[in-house]
file my_file.txt (compact mmCIF, C-alpha atoms)
# COMPACT_ATOMS: atom_id res chain seq x y z
CA MET C 1 13.86 -25.71 32.45
CA ILE C 2 11.10 -26.85 34.77
CA PRO C 3 9.47 -24.72 37.45
CA GLN C 4 9.15 -25.99 40.99
CA SER C 5 5.86 -27.75 41.62
CA PHE C 6 2.89 -25.58 42.63
CA GLU C 7 -0.85 -25.74 43.27
CA TYR C 8 -2.87 -23.94 40.64
CA PHE C 9 -6.09 -21.99 40.98
CA CYS C 10 -8.09 -20.27 38.30
CA PRO C 11 -10.68 -18.05 40.01
CA GLU C 12 -13.40 -16.38 38.01
CA THR C 13 -13.86 -13.26 40.13
CA VAL C 14 -11.60 -10.69 41.73
CA SER C 15 -12.91 -11.47 45.21
CA GLU C 16 -12.24 -15.18 44.75
CA ALA C 17 -8.71 -14.37 43.65
CA ILE C 18 -8.12 -12.10 46.63
CA ALA C 19 -9.46 -14.74 49.02
CA LEU C 20 -7.07 -17.31 47.57
CA LEU C 21 -4.13 -14.95 47.91
CA HIS C 22 -4.94 -14.42 51.59
CA GLU C 23 -5.67 -18.08 52.28
CA HIS C 24 -2.28 -19.13 50.99
CA GLY C 25 -0.24 -16.16 52.16
CA GLU C 26 3.09 -15.04 50.80
CA GLY C 27 3.61 -18.31 48.96
CA ALA C 28 0.83 -17.39 46.54
CA LYS C 29 1.59 -15.40 43.41
CA ILE C 30 -0.71 -13.86 40.81
CA LEU C 31 -0.36 -15.16 37.25
CA SER C 32 -1.34 -12.47 34.73
CA GLY C 33 0.40 -12.52 31.34
CA GLY C 34 3.13 -14.66 32.82
CA GLN C 35 5.78 -13.26 30.51
CA SER C 36 7.88 -12.07 33.45
CA LEU C 37 6.79 -14.57 36.10
CA ILE C 38 7.03 -17.80 34.11
CA PRO C 39 10.62 -17.21 32.92
CA MET C 40 11.57 -16.52 36.54
CA MET C 41 9.83 -19.70 37.66
CA LYS C 42 11.59 -21.71 34.96
CA MET C 43 14.92 -20.51 36.29
CA ARG C 44 13.63 -21.12 39.82
CA LEU C 45 14.33 -17.49 40.75
CA ALA C 46 10.66 -17.47 41.75
CA ARG C 47 9.23 -20.52 43.51
CA PRO C 48 5.63 -19.75 44.43
CA GLU C 49 3.84 -22.68 46.04
CA TYR C 50 0.48 -21.44 44.81
CA ILE C 51 -0.40 -19.79 41.54
CA VAL C 52 -3.58 -17.72 41.29
CA ASP C 53 -4.27 -17.38 37.58
CA ILE C 54 -6.40 -14.26 37.07
CA ASN C 55 -6.77 -14.59 33.30
CA ARG C 56 -10.32 -15.93 33.43
CA ILE C 57 -11.66 -12.99 35.44
CA ALA C 58 -14.16 -11.19 33.25
CA ASP C 59 -14.36 -7.42 32.79
CA LEU C 60 -10.73 -6.56 33.49
CA HIS C 61 -10.01 -6.14 29.81
CA TYR C 62 -10.96 -2.68 28.55
CA VAL C 63 -9.75 0.63 27.19
CA LYS C 64 -12.21 3.50 27.55
CA GLU C 65 -12.57 7.14 28.39
CA GLU C 66 -14.88 7.93 31.26
CA ASP C 67 -15.27 10.73 33.83
CA GLY C 68 -12.24 12.61 32.58
CA PHE C 69 -9.94 9.58 32.64
CA LEU C 70 -8.54 7.09 30.20
CA LYS C 71 -9.24 3.81 31.99
CA ILE C 72 -7.33 0.66 31.11
CA GLY C 73 -8.29 -2.65 32.68
CA GLY C 74 -5.42 -4.45 34.40
CA LEU C 75 -5.75 -7.53 32.24
CA THR C 76 -5.61 -5.61 28.94
CA ARG C 77 -3.00 -7.27 26.71
CA GLU C 78 -0.28 -5.17 25.10
CA SER C 79 -1.51 -6.28 21.68
CA ASP C 80 -5.01 -5.06 22.61
CA LEU C 81 -3.52 -1.63 23.31
CA GLU C 82 -1.84 -1.72 19.92
CA ALA C 83 -5.13 -2.61 18.26
CA SER C 84 -7.27 -0.09 20.16
CA SER C 85 -8.49 2.70 17.89
CA LEU C 86 -8.77 4.99 20.92
CA ILE C 87 -5.11 4.47 21.83
CA ARG C 88 -3.98 4.73 18.23
CA SER C 89 -5.82 7.99 17.62
CA LYS C 90 -5.51 9.80 20.93
CA TYR C 91 -2.65 8.31 22.93
CA PRO C 92 0.33 7.74 20.64
CA ILE C 93 2.66 7.73 23.65
CA ILE C 94 0.91 4.57 24.88
CA LEU C 95 0.97 3.05 21.40
CA ASP C 96 4.72 3.79 21.23
CA THR C 97 5.24 2.09 24.58
CA ALA C 98 3.12 -1.01 24.04
CA GLY C 99 4.64 -1.63 20.62
CA LEU C 100 8.16 -1.54 22.01
CA ILE C 101 7.57 -4.15 24.68
CA ALA C 102 9.32 -7.43 23.80
CA ASP C 103 7.87 -9.00 20.62
CA PRO C 104 4.50 -9.85 19.06
CA GLN C 105 4.11 -13.21 20.80
CA VAL C 106 4.93 -11.80 24.22
CA ARG C 107 2.60 -8.86 23.59
CA ASN C 108 -0.27 -11.27 23.00
CA MET C 109 0.01 -12.54 26.57
CA ALA C 110 1.60 -9.66 28.52
CA THR C 111 -0.77 -7.36 30.42
CA VAL C 112 -0.52 -3.69 31.36
CA GLY C 113 -1.35 -4.48 34.99
CA GLY C 114 1.38 -7.08 35.15
CA ASN C 115 3.92 -4.83 33.47
CA LEU C 116 3.37 -2.28 36.25
CA ALA C 117 2.85 -4.65 39.19
CA HIS C 118 6.02 -6.63 38.54
CA GLY C 119 8.10 -3.62 39.60
CA ASP C 120 10.90 -4.28 37.14
CA PRO C 121 12.65 -0.96 36.39
CA ALA C 122 13.38 -2.35 32.92
CA ASN C 123 9.69 -2.57 32.03
CA ASP C 124 8.41 0.10 29.66
CA HIS C 125 4.95 1.15 30.88
CA PRO C 126 6.18 2.59 34.22
CA ALA C 127 8.03 5.52 32.60
CA THR C 128 5.06 6.33 30.41
CA MET C 129 2.61 6.13 33.30
CA LEU C 130 4.91 8.43 35.32
CA ALA C 131 4.92 10.91 32.44
CA LEU C 132 1.12 10.74 32.20
CA GLY C 133 0.52 11.10 35.93
CA ALA C 134 -1.45 7.86 36.09
CA GLU C 135 -3.17 6.27 39.08
CA ILE C 136 -3.14 2.59 39.94
CA ILE C 137 -6.39 1.13 41.19
CA ALA C 138 -5.49 -1.72 43.52
CA THR C 139 -8.29 -4.01 44.65
CA GLY C 140 -7.82 -5.90 47.89
CA LYS C 141 -9.96 -7.47 50.60
CA ASP C 142 -10.97 -4.05 51.92
CA GLY C 143 -12.01 -2.81 48.49
CA GLU C 144 -10.30 -0.48 46.06
CA ARG C 145 -7.60 2.02 46.76
CA THR C 146 -5.97 4.54 44.45
CA ILE C 147 -2.19 4.74 44.38
CA PRO C 148 -0.65 7.69 42.52
CA ILE C 149 1.97 6.37 40.13
CA LYS C 150 4.70 8.53 41.65
CA ASP C 151 4.24 6.60 44.92
CA PHE C 152 3.91 3.20 43.30
CA PHE C 153 7.47 2.06 42.56
CA LEU C 154 9.48 1.51 45.75
CA SER C 155 12.49 -0.57 44.78
CA VAL C 156 13.54 -3.38 42.43
CA PHE C 157 10.57 -5.74 42.01
CA THR C 158 8.83 -3.93 44.86
CA THR C 159 5.76 -1.79 44.48
CA ALA C 160 3.30 -0.25 46.91
CA LEU C 161 0.96 -3.19 46.35
CA GLU C 162 0.22 -5.21 49.46
CA HIS C 163 -0.04 -8.96 49.28
CA GLY C 164 -3.57 -9.81 48.23
CA GLU C 165 -4.00 -6.73 46.05
CA ILE C 166 -4.58 -6.89 42.33
CA VAL C 167 -4.06 -4.06 39.84
CA THR C 168 -7.56 -3.95 38.39
CA GLU C 169 -7.33 -0.64 36.57
CA ILE C 170 -4.90 2.01 35.44
CA ARG C 171 -6.39 5.47 35.27
CA ILE C 172 -4.86 8.34 33.31
CA PRO C 173 -6.24 11.88 33.54
CA ILE C 174 -7.25 12.80 30.00
CA PRO C 175 -4.63 15.33 28.88
CA PRO C 176 -5.91 18.82 28.02
CA PRO C 177 -5.99 20.14 24.43
CA GLY C 178 -2.51 21.11 23.30
CA SER C 179 -0.98 17.91 24.74
CA GLY C 180 1.39 15.46 23.14
CA GLY C 181 3.64 12.65 24.27
CA ALA C 182 6.15 10.11 23.00
CA TYR C 183 8.18 7.14 24.21
CA PHE C 184 11.64 6.38 22.85
CA LYS C 185 13.53 3.20 23.66
CA LEU C 186 17.15 2.41 22.90
CA GLU C 187 17.67 -1.33 22.65
CA ARG C 188 20.50 -3.56 21.43
CA LYS C 189 18.09 -5.47 19.26
CA VAL C 190 14.38 -5.70 18.67
CA GLY C 191 12.65 -7.32 21.60
CA ASP C 192 15.33 -6.47 24.16
CA PHE C 193 14.80 -4.64 27.42
CA ALA C 194 15.72 -0.95 27.23
CA THR C 195 19.32 0.10 27.42
CA VAL C 196 17.57 3.38 28.19
CA GLY C 197 13.96 4.49 27.66
CA VAL C 198 12.38 7.93 27.98
CA ALA C 199 8.71 8.91 28.06
CA ALA C 200 7.78 12.57 27.68
CA GLN C 201 4.35 14.19 27.87
CA VAL C 202 3.78 17.96 27.55
CA ALA C 203 0.82 20.28 27.49
CA VAL C 204 1.24 23.71 25.90
CA ASP C 205 -1.11 26.67 25.81
CA GLY C 206 -2.16 28.83 22.86
CA GLU C 207 1.23 30.59 22.82
CA GLY C 208 3.17 27.35 22.94
CA VAL C 209 4.12 27.86 26.58
CA CYS C 210 4.39 24.66 28.55
CA ARG C 211 1.67 24.26 31.19
CA SER C 212 2.72 20.82 32.38
CA ALA C 213 5.39 18.27 31.64
CA GLY C 214 5.91 14.65 32.59
CA ILE C 215 9.16 12.78 31.97
CA GLY C 216 9.78 9.14 32.94
CA LEU C 217 13.00 7.15 32.60
CA THR C 218 13.24 3.39 31.98
CA ASN C 219 15.98 1.09 33.26
CA VAL C 220 18.37 3.69 34.65
CA GLY C 221 17.80 3.02 38.32
CA SER C 222 16.39 0.54 40.79
CA THR C 223 12.96 1.94 39.97
CA PRO C 224 11.60 3.85 36.98
CA ILE C 225 12.51 7.48 37.51
CA LYS C 226 10.38 10.62 37.33
CA ALA C 227 12.63 13.42 36.09
CA THR C 228 11.06 16.10 38.26
CA ARG C 229 13.71 18.79 37.79
CA ALA C 230 13.45 18.57 34.01
CA GLU C 231 9.67 18.68 34.31
CA GLY C 232 9.72 21.74 36.55
CA PHE C 233 12.21 23.47 34.28
CA LEU C 234 9.92 23.25 31.26
CA VAL C 235 6.80 24.66 32.92
CA GLY C 236 6.28 28.29 31.91
CA LYS C 237 8.72 28.07 29.01
CA LYS C 238 8.37 27.32 25.34
CA VAL C 239 9.23 23.74 24.44
CA ASP C 240 11.85 24.58 21.81
CA GLY C 241 15.43 23.63 21.01
CA PRO C 242 17.42 25.35 23.77
CA GLN C 243 14.85 24.57 26.48
CA ILE C 244 14.60 20.96 25.35
CA GLY C 245 18.37 20.69 25.49
CA GLN C 246 18.48 21.98 29.04
CA ALA C 247 15.60 19.77 30.15
CA ALA C 248 17.36 16.77 28.62
CA GLN C 249 20.49 17.60 30.62
CA LEU C 250 18.46 17.80 33.83
CA ALA C 251 16.76 14.48 33.09
CA ALA C 252 20.13 12.86 32.48
CA GLU C 253 21.30 14.11 35.87
CA ASP C 254 18.41 12.26 37.52
CA ALA C 255 19.40 8.96 35.93
CA GLN C 256 21.20 6.46 38.16
CA PRO C 257 22.08 3.61 35.82
CA SER C 258 24.37 0.68 36.55
CA SER C 259 27.08 -0.47 34.18
CA ASP C 260 26.07 -3.84 32.78
CA LEU C 261 25.93 -5.83 29.59
CA ARG C 262 23.87 -3.07 27.96
CA GLY C 263 26.64 -0.55 28.46
CA PRO C 264 28.62 1.55 30.91
CA ALA C 265 26.74 3.91 33.21
CA GLU C 266 28.22 7.05 31.58
CA TYR C 267 27.01 5.87 28.19
CA LYS C 268 23.52 5.33 29.52
CA VAL C 269 23.47 8.79 31.05
CA SER C 270 24.37 10.31 27.65
CA MET C 271 21.67 8.23 26.06
CA VAL C 272 19.08 9.51 28.57
CA LYS C 273 20.00 13.03 27.46
CA GLU C 274 19.67 12.16 23.78
CA LEU C 275 16.42 10.23 24.11
CA THR C 276 14.88 12.90 26.32
CA LYS C 277 15.59 15.41 23.56
CA ARG C 278 13.98 13.19 20.95
CA ALA C 279 10.99 12.39 23.11
CA LEU C 280 10.39 16.07 23.93
CA VAL C 281 10.70 17.08 20.26
CA ARG C 282 8.17 14.43 19.25
CA ALA C 283 5.88 15.24 22.18
CA ARG C 284 5.94 18.92 21.19
CA GLU C 285 5.18 18.05 17.57
CA ARG C 286 2.24 15.94 18.66
CA ALA C 287 0.97 18.70 20.92
CA GLY C 288 0.38 20.68 17.75
CA SER C 289 0.24 24.40 17.24
CA MET Y 290 3.20 -33.50 44.36
CA ALA Y 291 0.74 -30.89 43.14
CA THR Y 292 -2.89 -31.60 42.37
CA LYS Y 293 -3.19 -32.48 38.71
CA LYS Y 294 -5.60 -30.49 36.58
CA PHE Y 295 -7.66 -31.44 33.56
CA VAL Y 296 -6.83 -29.65 30.36
CA ARG Y 297 -9.42 -29.79 27.62
CA THR Y 298 -8.15 -28.34 24.38
CA LYS Y 299 -8.78 -28.51 20.67
CA VAL Y 300 -5.45 -28.98 18.93
CA ASN Y 301 -5.37 -28.71 15.15
CA GLY Y 302 -9.08 -29.42 15.14
CA ARG Y 303 -8.96 -32.49 17.42
CA ASP Y 304 -10.26 -32.51 20.99
CA HIS Y 305 -7.99 -33.67 23.77
CA GLU Y 306 -8.61 -34.14 27.47
CA VAL Y 307 -5.57 -34.80 29.61
CA GLU Y 308 -4.70 -34.58 33.28
CA VAL Y 309 -1.45 -32.70 33.82
CA GLU Y 310 0.68 -31.14 36.53
CA PRO Y 311 0.13 -27.38 36.64
CA ARG Y 312 3.82 -26.76 36.03
CA LEU Y 313 3.78 -28.58 32.68
CA LEU Y 314 4.72 -26.02 30.03
CA LEU Y 315 2.49 -25.80 26.98
CA VAL Y 316 5.45 -26.64 24.73
CA HIS Y 317 6.07 -29.86 26.64
CA PHE Y 318 2.36 -30.68 26.60
CA ILE Y 319 2.37 -30.30 22.81
CA ARG Y 320 5.60 -32.19 22.23
CA GLU Y 321 5.53 -34.91 24.86
CA VAL Y 322 1.89 -35.49 25.75
CA LEU Y 323 0.45 -34.94 22.27
CA ALA Y 324 3.58 -36.11 20.42
CA LEU Y 325 3.46 -33.11 18.08
CA THR Y 326 7.17 -32.48 17.81
CA GLY Y 327 7.08 -29.91 15.04
CA THR Y 328 7.01 -27.21 17.73
CA HIS Y 329 10.57 -26.80 18.99
CA VAL Y 330 12.23 -25.80 22.23
CA GLY Y 331 15.01 -23.44 21.20
CA CYS Y 332 16.22 -21.04 23.87
CA ASP Y 333 13.72 -21.89 26.62
CA THR Y 334 14.06 -18.24 27.71
CA THR Y 335 11.20 -16.61 25.77
CA ASN Y 336 13.58 -15.21 23.17
CA CYS Y 337 13.86 -17.27 20.01
CA GLY Y 338 10.24 -18.08 19.14
CA ALA Y 339 10.93 -21.63 17.91
CA CYS Y 340 8.13 -22.70 20.26
CA THR Y 341 5.53 -20.38 18.71
CA VAL Y 342 2.01 -21.80 18.37
CA LEU Y 343 -1.36 -20.16 17.85
CA LEU Y 344 -3.51 -19.99 20.98
CA ASP Y 345 -7.05 -18.97 19.97
CA GLY Y 346 -5.47 -17.69 16.78
CA ARG Y 347 -2.83 -15.54 18.48
CA PRO Y 348 0.85 -16.43 18.29
CA VAL Y 349 2.35 -17.10 21.71
CA LYS Y 350 5.62 -18.58 22.93
CA SER Y 351 4.52 -21.95 24.23
CA CYS Y 352 7.60 -22.28 26.45
CA THR Y 353 6.21 -19.36 28.48
CA VAL Y 354 2.65 -20.58 28.96
CA PHE Y 355 1.46 -23.36 31.25
CA ALA Y 356 -0.58 -26.13 29.63
CA VAL Y 357 -3.35 -25.51 32.18
CA GLN Y 358 -3.77 -22.01 30.76
CA ALA Y 359 -4.91 -23.61 27.49
CA ASP Y 360 -7.90 -25.29 29.10
CA GLY Y 361 -11.00 -24.65 26.98
CA ARG Y 362 -8.96 -23.03 24.24
CA GLU Y 363 -7.81 -23.83 20.72
CA ILE Y 364 -4.26 -24.48 19.70
CA ARG Y 365 -2.82 -24.61 16.21
CA THR Y 366 0.66 -25.98 15.60
CA ILE Y 367 2.73 -26.46 12.45
CA GLU Y 368 1.15 -29.88 12.03
CA GLY Y 369 -2.18 -28.14 11.57
CA VAL Y 370 -1.12 -25.76 8.83
CA ALA Y 371 -1.32 -27.99 5.77
CA ASN Y 372 -4.80 -28.72 4.52
CA ASN Y 373 -5.40 -32.47 4.10
CA GLY Y 374 -1.87 -32.97 2.87
CA LYS Y 375 -1.95 -29.92 0.60
CA LEU Y 376 0.75 -27.42 1.54
CA HIS Y 377 -0.34 -24.06 2.88
CA PRO Y 378 0.88 -21.16 0.69
CA LEU Y 379 3.34 -20.28 3.45
CA GLN Y 380 4.83 -23.77 3.40
CA GLU Y 381 5.00 -23.57 -0.39
CA GLY Y 382 6.63 -20.16 -0.07
CA PHE Y 383 9.32 -21.42 2.31
CA LYS Y 384 10.03 -24.18 -0.21
CA GLU Y 385 10.03 -22.00 -3.33
CA GLU Y 386 11.95 -19.09 -1.84
CA HIS Y 387 14.44 -21.22 0.15
CA GLY Y 388 13.20 -19.71 3.40
CA LEU Y 389 14.98 -22.30 5.54
CA GLN Y 390 18.33 -24.05 5.92
CA CYS Y 391 18.41 -26.12 9.09
CA GLY Y 392 14.68 -25.69 9.54
CA PHE Y 393 14.73 -25.38 13.32
CA CYS Y 394 13.10 -21.93 13.46
CA THR Y 395 10.75 -22.68 10.57
CA PRO Y 396 7.67 -24.01 12.36
CA GLY Y 397 7.68 -20.99 14.69
CA MET Y 398 8.27 -18.64 11.76
CA ILE Y 399 5.36 -20.12 9.87
CA MET Y 400 3.01 -19.87 12.85
CA SER Y 401 3.90 -16.19 13.36
CA ALA Y 402 3.60 -15.51 9.62
CA CYS Y 403 0.30 -17.35 9.48
CA ALA Y 404 -1.17 -15.11 12.16
CA LEU Y 405 0.32 -12.05 10.48
CA LEU Y 406 -1.28 -12.83 7.12
CA GLU Y 407 -4.61 -13.59 8.73
CA LYS Y 408 -4.64 -10.14 10.30
CA ASN Y 409 -2.88 -8.30 7.49
CA PRO Y 410 -3.18 -10.07 4.10
CA HIS Y 411 -1.03 -7.51 2.28
CA PRO Y 412 1.85 -6.67 4.56
CA SER Y 413 4.72 -4.46 3.50
CA GLU Y 414 8.25 -5.77 3.93
CA GLN Y 415 8.52 -3.67 7.08
CA GLU Y 416 5.32 -5.18 8.45
CA ILE Y 417 6.54 -8.70 7.70
CA ARG Y 418 9.82 -8.09 9.47
CA TRP Y 419 7.96 -6.60 12.40
CA GLY Y 420 5.48 -9.49 12.42
CA ILE Y 421 8.26 -12.09 12.71
CA SER Y 422 10.37 -9.98 15.08
CA GLY Y 423 9.75 -12.51 17.86
CA ASN Y 424 11.34 -15.32 15.84
CA LEU Y 425 15.10 -15.72 15.51
CA CYS Y 426 16.89 -17.48 12.67
CA ARG Y 427 20.60 -18.26 12.80
CA CYS Y 428 20.89 -19.57 9.26
CA THR Y 429 19.19 -17.48 6.63
CA GLY Y 430 19.66 -13.82 7.48
CA TYR Y 431 15.85 -13.50 7.16
CA GLN Y 432 15.94 -12.34 3.52
CA ASN Y 433 14.39 -15.49 2.09
CA ILE Y 434 11.99 -15.82 4.99
CA VAL Y 435 10.60 -12.42 4.07
CA LYS Y 436 10.37 -13.52 0.42
CA ALA Y 437 8.56 -16.69 1.49
CA VAL Y 438 5.96 -14.66 3.37
CA GLN Y 439 5.57 -12.32 0.40
CA TYR Y 440 5.13 -15.35 -1.86
CA ALA Y 441 2.37 -16.61 0.41
CA ALA Y 442 0.68 -13.20 0.62
CA ASN Y 443 0.61 -12.98 -3.18
CA LYS Y 444 -0.70 -16.51 -3.52
CA MET Y 445 -3.43 -15.93 -0.97
CA ALA Y 446 -4.47 -12.57 -2.42

call {"tool": "encode", "arguments": {"input": "my_file.txt", "output": "structure tokens"}}
result
Amino acid sequence: MIPQSFEYFCPETVSEAIALLHEHGEGAKILSGGQSLIPMMKMRLARPEYIVDINRIADLHYVKEEDGFLKIGGLTRESDLEASSLIRSKYPIILDTAGLIADPQVRNMATVGGNLAHGDPANDHPATMLALGAEIIATGKDGERTIPIKDFFLSVFTTALEHGEIVTEIRIPIPPPGSGGAYFKLERKVGDFATVGVAAQVAVDGEGVCRSAGIGLTNVGSTPIKATRAEGFLVGKKVDGPQIGQAAQLAAEDAQPSSDLRGPAEYKVSMVKELTKRALVRARERAGS
Amino acid sequence: MATKKFVRTKVNGRDHEVEVEPRLLLVHFIREVLALTGTHVGCDTTNCGACTVLLDGRPVKSCTVFAVQADGREIRTIEGVANNGKLHPLQEGFKEEHGLQCGFCTPGMIMSACALLEKNPHPSEQEIRWGISGNLCRCTGYQNIVKAVQYAANKMA
């Protein structure tokens, strides 16, 4: 399949890219990893007249801890996250997530910024970023602005990004000691989008009492879903069997899946409950004693 | 008609400079402009991996990359795997272990396996299966493909 014809630009700086996006208006689209955009263009579901390829912009590729945050550059590839010793040792929830996106070839091109900016509720990073309470740093012609992740996803393929803004960084507050998280994804086969995905992040104190909880749901609504009632339920309680079970039930009640070729809605709701349980158990294990 | 762009790439060690439309997919550039037809178009929907090539050493699905994105970069295709006519251990492995039937997925499989072994010379069976998880085969049931990769890993050890 052949995309519709387009003009192609390959700027070397963020400001050049932003200028191009404004010059050419709504007909201009950012090309990051391209693993969502290019398939859409091949099917002519997306027909941008101008492509602004941001892959040559230097310094948007990093994973580091700084000023109390884990900072991930927008152009960081999923395979770079998998290879990062920082992610592997300290952020297993992010390693879980990155490793479950598509397949090795796609992960070599796909970027974290793109995975979030595309606004597809079936993408995996959104749920994890919701669970971690991340912030999106969007750079536009007036400079940078910070968008809390809970305000970022508006509707299918629609985020709070304005035209001309680029996700240059994702910032995650470094979790306190006694924290752990996990991402579980149910898929029909390896490489598929999630039938259902659940990200869970908890922080417990010295007595094992939950101080904070974050739960994000993948592909069970028109946006990724933050299971706020389940989160609120866990705070102040021990993260053990009965509490996990109840939290899982609350999370399932927040899911709004459609019936489709991955299964009926009722099935997906049950799977949210099951995966939430598993994610919370693993998160609690990783939070340690 | 869009402004054509120059693409300068090194493909299997040879330099090429071609003017192309931006919308030309890398797989079509490889097959039709460079006449290297070992790389296959299978599903055209980023699923099957028959189009897998190495871009700066990393396996990518060339049906989901524009040729212009390869400007200034190196590409390795199945045609660049053998060494002066001598089969690569992976190619030998696919032969010895019957890792193919129709052969359509094989170039993509070999490119993915090649990158896997370069990064991880002693993969477990699980790691091999994970490493080729972006490549589909309708014929073999993967068993002999895994054996072929193990053969190559042992040979290259």

call {"tool": "residues_around", "arguments": {"input": "my_file.txt", "residues": "region 33-49 of chain C", "least_positions_apart": "3", "cutoff": "6 Å", "atoms": "only C-alpha atoms", "output": "NGL selection string"}}
result
(:C and (1-3 or 6 or 27-28 or 109-111)) or (:Y and (353))

call {"tool": "closest_residue", "arguments": {"input": "my_file.txt", "among": "C:Gly197, C:Gly178, C:Gly99, C:Pro242", "to": "Lys226 (chain C)", "atoms": "all atoms listed in the file"}}
result
C:Gly197

call {"tool": "interface_residues", "arguments": {"input": "my_file.txt", "of": "chain Y", "to": "chain C", "cutoff": "6 Å", "atoms": "all atoms listed in the file", "output": "ChimeraX atom specification"}}
result
/Y:291,348-350,353,423

call {"tool": "residues_around", "arguments": {"input": "my_file.txt", "residues": "Leu100 (chain C)", "least_positions_apart": "6", "cutoff": "10 Å", "atoms": "only C-alpha atoms", "output": "ChimeraX atom specification"}}
result
/C:78,94,107,124-125,183-187,190-194

call {"tool": "residues_around", "arguments": {"input": "my_file.txt", "residues": "Glu310 (chain Y)", "least_positions_apart": "6", "cutoff": "7 Å", "atoms": "all atoms listed in the file", "output": "ChimeraX atom specification"}}
result
/Y:291-294

call {"tool": "residues_around", "arguments": {"input": "my_file.txt", "residues": "region 259-265 of chain C", "least_positions_apart": "4", "cutoff": "8 Å", "atoms": "all atoms listed in the file", "output": "list in words"}}
result
Arg188, Thr195 and Val269 of chain C

call {"tool": "atom_distance", "arguments": {"input": "my_file.txt", "atom1": "CA of Gln246 (chain C)", "atom2": "CA of Ile93 (chain C)"}}
result
22.0 Å

call {"tool": "closest_residue", "arguments": {"input": "my_file.txt", "among": "C:Glu231, C:Glu135, C:Asp120, C:Glu165", "to": "Gln249 (chain C)", "atoms": "only C-alpha atoms"}}
result
C:Glu231

call {"tool": "residues_near_point", "arguments": {"input": "my_file.txt", "point": "(-0.1, -24.5, 30.7)", "cutoff": "9 Å", "atoms": "all atoms listed in the file", "output": "mmCIF file with C-alpha atoms, in the coordinates of the input"}}
result
data_model
loop_
_atom_site.group_PDB
_atom_site.id
_atom_site.type_symbol
_atom_site.label_atom_id
_atom_site.label_comp_id
_atom_site.auth_asym_id
_atom_site.auth_seq_id
_atom_site.Cartn_x
_atom_site.Cartn_y
_atom_site.Cartn_z
ATOM 1 C CA VAL Y 296 -6.830 -29.650 30.360
ATOM 2 C CA VAL Y 309 -1.450 -32.700 33.820
ATOM 3 C CA GLU Y 310 0.680 -31.140 36.530
ATOM 4 C CA PRO Y 311 0.130 -27.380 36.640
ATOM 5 C CA ARG Y 312 3.820 -26.760 36.030
ATOM 6 C CA LEU Y 313 3.780 -28.580 32.680
ATOM 7 C CA LEU Y 314 4.720 -26.020 30.030
ATOM 8 C CA LEU Y 315 2.490 -25.800 26.980
ATOM 9 C CA VAL Y 316 5.450 -26.640 24.730
ATOM 10 C CA PHE Y 318 2.360 -30.680 26.600
ATOM 11 C CA SER Y 351 4.520 -21.950 24.230
ATOM 12 C CA THR Y 353 6.210 -19.360 28.480
ATOM 13 C CA VAL Y 354 2.650 -20.580 28.960
ATOM 14 C CA PHE Y 355 1.460 -23.360 31.250
ATOM 15 C CA ALA Y 356 -0.580 -26.130 29.630
ATOM 16 C CA VAL Y 357 -3.350 -25.510 32.180
ATOM 17 C CA GLN Y 358 -3.770 -22.010 30.760
ATOM 18 C CA ALA Y 359 -4.910 -23.610 27.490
ATOM 19 C CA ASP Y 360 -7.900 -25.290 29.100
#

call {"tool": "closest_residue", "arguments": {"input": "my_file.txt", "among": "C:Ser222, C:Thr13, C:Gln256, C:Gln201", "to": "Ala122 (chain C)", "atoms": "all atoms listed in the file"}}
result
C:Ser222

call {"tool": "residues_around", "arguments": {"input": "my_file.txt", "residues": "region 367-371 of chain Y", "least_positions_apart": "3", "cutoff": "12 Å", "atoms": "all atoms listed in the file", "output": "JSON, numbers by chain"}}
result
{"Y": [299, 300, 301, 302, 303, 319, 320, 323, 324, 325, 326, 327, 328, 329, 339, 340, 341, 342, 343, 348, 363, 364, 374, 375, 376, 377, 378, 379, 380, 381, 394, 395, 396, 397, 398, 399, 400, 401, 402, 403, 404]}

call {"tool": "closest_atom_pairs", "arguments": {"input": "my_file.txt", "of": "region 186-271 of chain C", "to": "region 156-160 of chain C", "cutoff": "10 Å", "atoms": "all atoms listed in the file", "output": "JSON lines"}}
result
{"residue": "C:Gly221", "atom": "CA", "partner": "C:Val156", "partner_atom": "CA", "distance": 8.7}
{"residue": "C:Ser222", "atom": "CA", "partner": "C:Val156", "partner_atom": "CA", "distance": 5.1}
{"residue": "C:Thr223", "atom": "CA", "partner": "C:Val156", "partner_atom": "CA", "distance": 5.9}
{"residue": "C:Pro224", "atom": "CA", "partner": "C:Val156", "partner_atom": "CA", "distance": 9.3}

call {"tool": "atom_distance", "arguments": {"input": "my_file.txt", "atom1": "CA of Val330 (chain Y)", "atom2": "CA of Ser32 (chain C)"}}
result
22.8 Å

call {"tool": "atom_distance", "arguments": {"input": "my_file.txt", "atom1": "CA of Lys150 (chain C)", "atom2": "CA of Ile136 (chain C)"}}
result
10.0 Å

call {"tool": "closest_residue", "arguments": {"input": "my_file.txt", "among": "Y:Asn424, Y:Ser413, Y:Leu406, Y:Asp304", "to": "Thr335 (chain Y)", "atoms": "all atoms listed in the file"}}
result
Y:Asn424

call {"tool": "residues_near_point", "arguments": {"input": "my_file.txt", "point": "(7.6, -15.7, 3.3)", "cutoff": "7 Å", "atoms": "all atoms listed in the file", "output": "compact mmCIF listing (two decimals) with C-alpha atoms, in the coordinates of the input"}}
result
# COMPACT_ATOMS: atom_id res chain seq x y z
CA LEU Y 379 3.34 -20.28 3.45
CA GLY Y 382 6.63 -20.16 -0.07
CA PHE Y 383 9.32 -21.42 2.31
CA GLY Y 388 13.20 -19.71 3.40
CA ASN Y 433 14.39 -15.49 2.09
CA ILE Y 434 11.99 -15.82 4.99
CA VAL Y 435 10.60 -12.42 4.07
CA LYS Y 436 10.37 -13.52 0.42
CA ALA Y 437 8.56 -16.69 1.49
CA VAL Y 438 5.96 -14.66 3.37
CA GLN Y 439 5.57 -12.32 0.40
CA TYR Y 440 5.13 -15.35 -1.86
CA ALA Y 441 2.37 -16.61 0.41
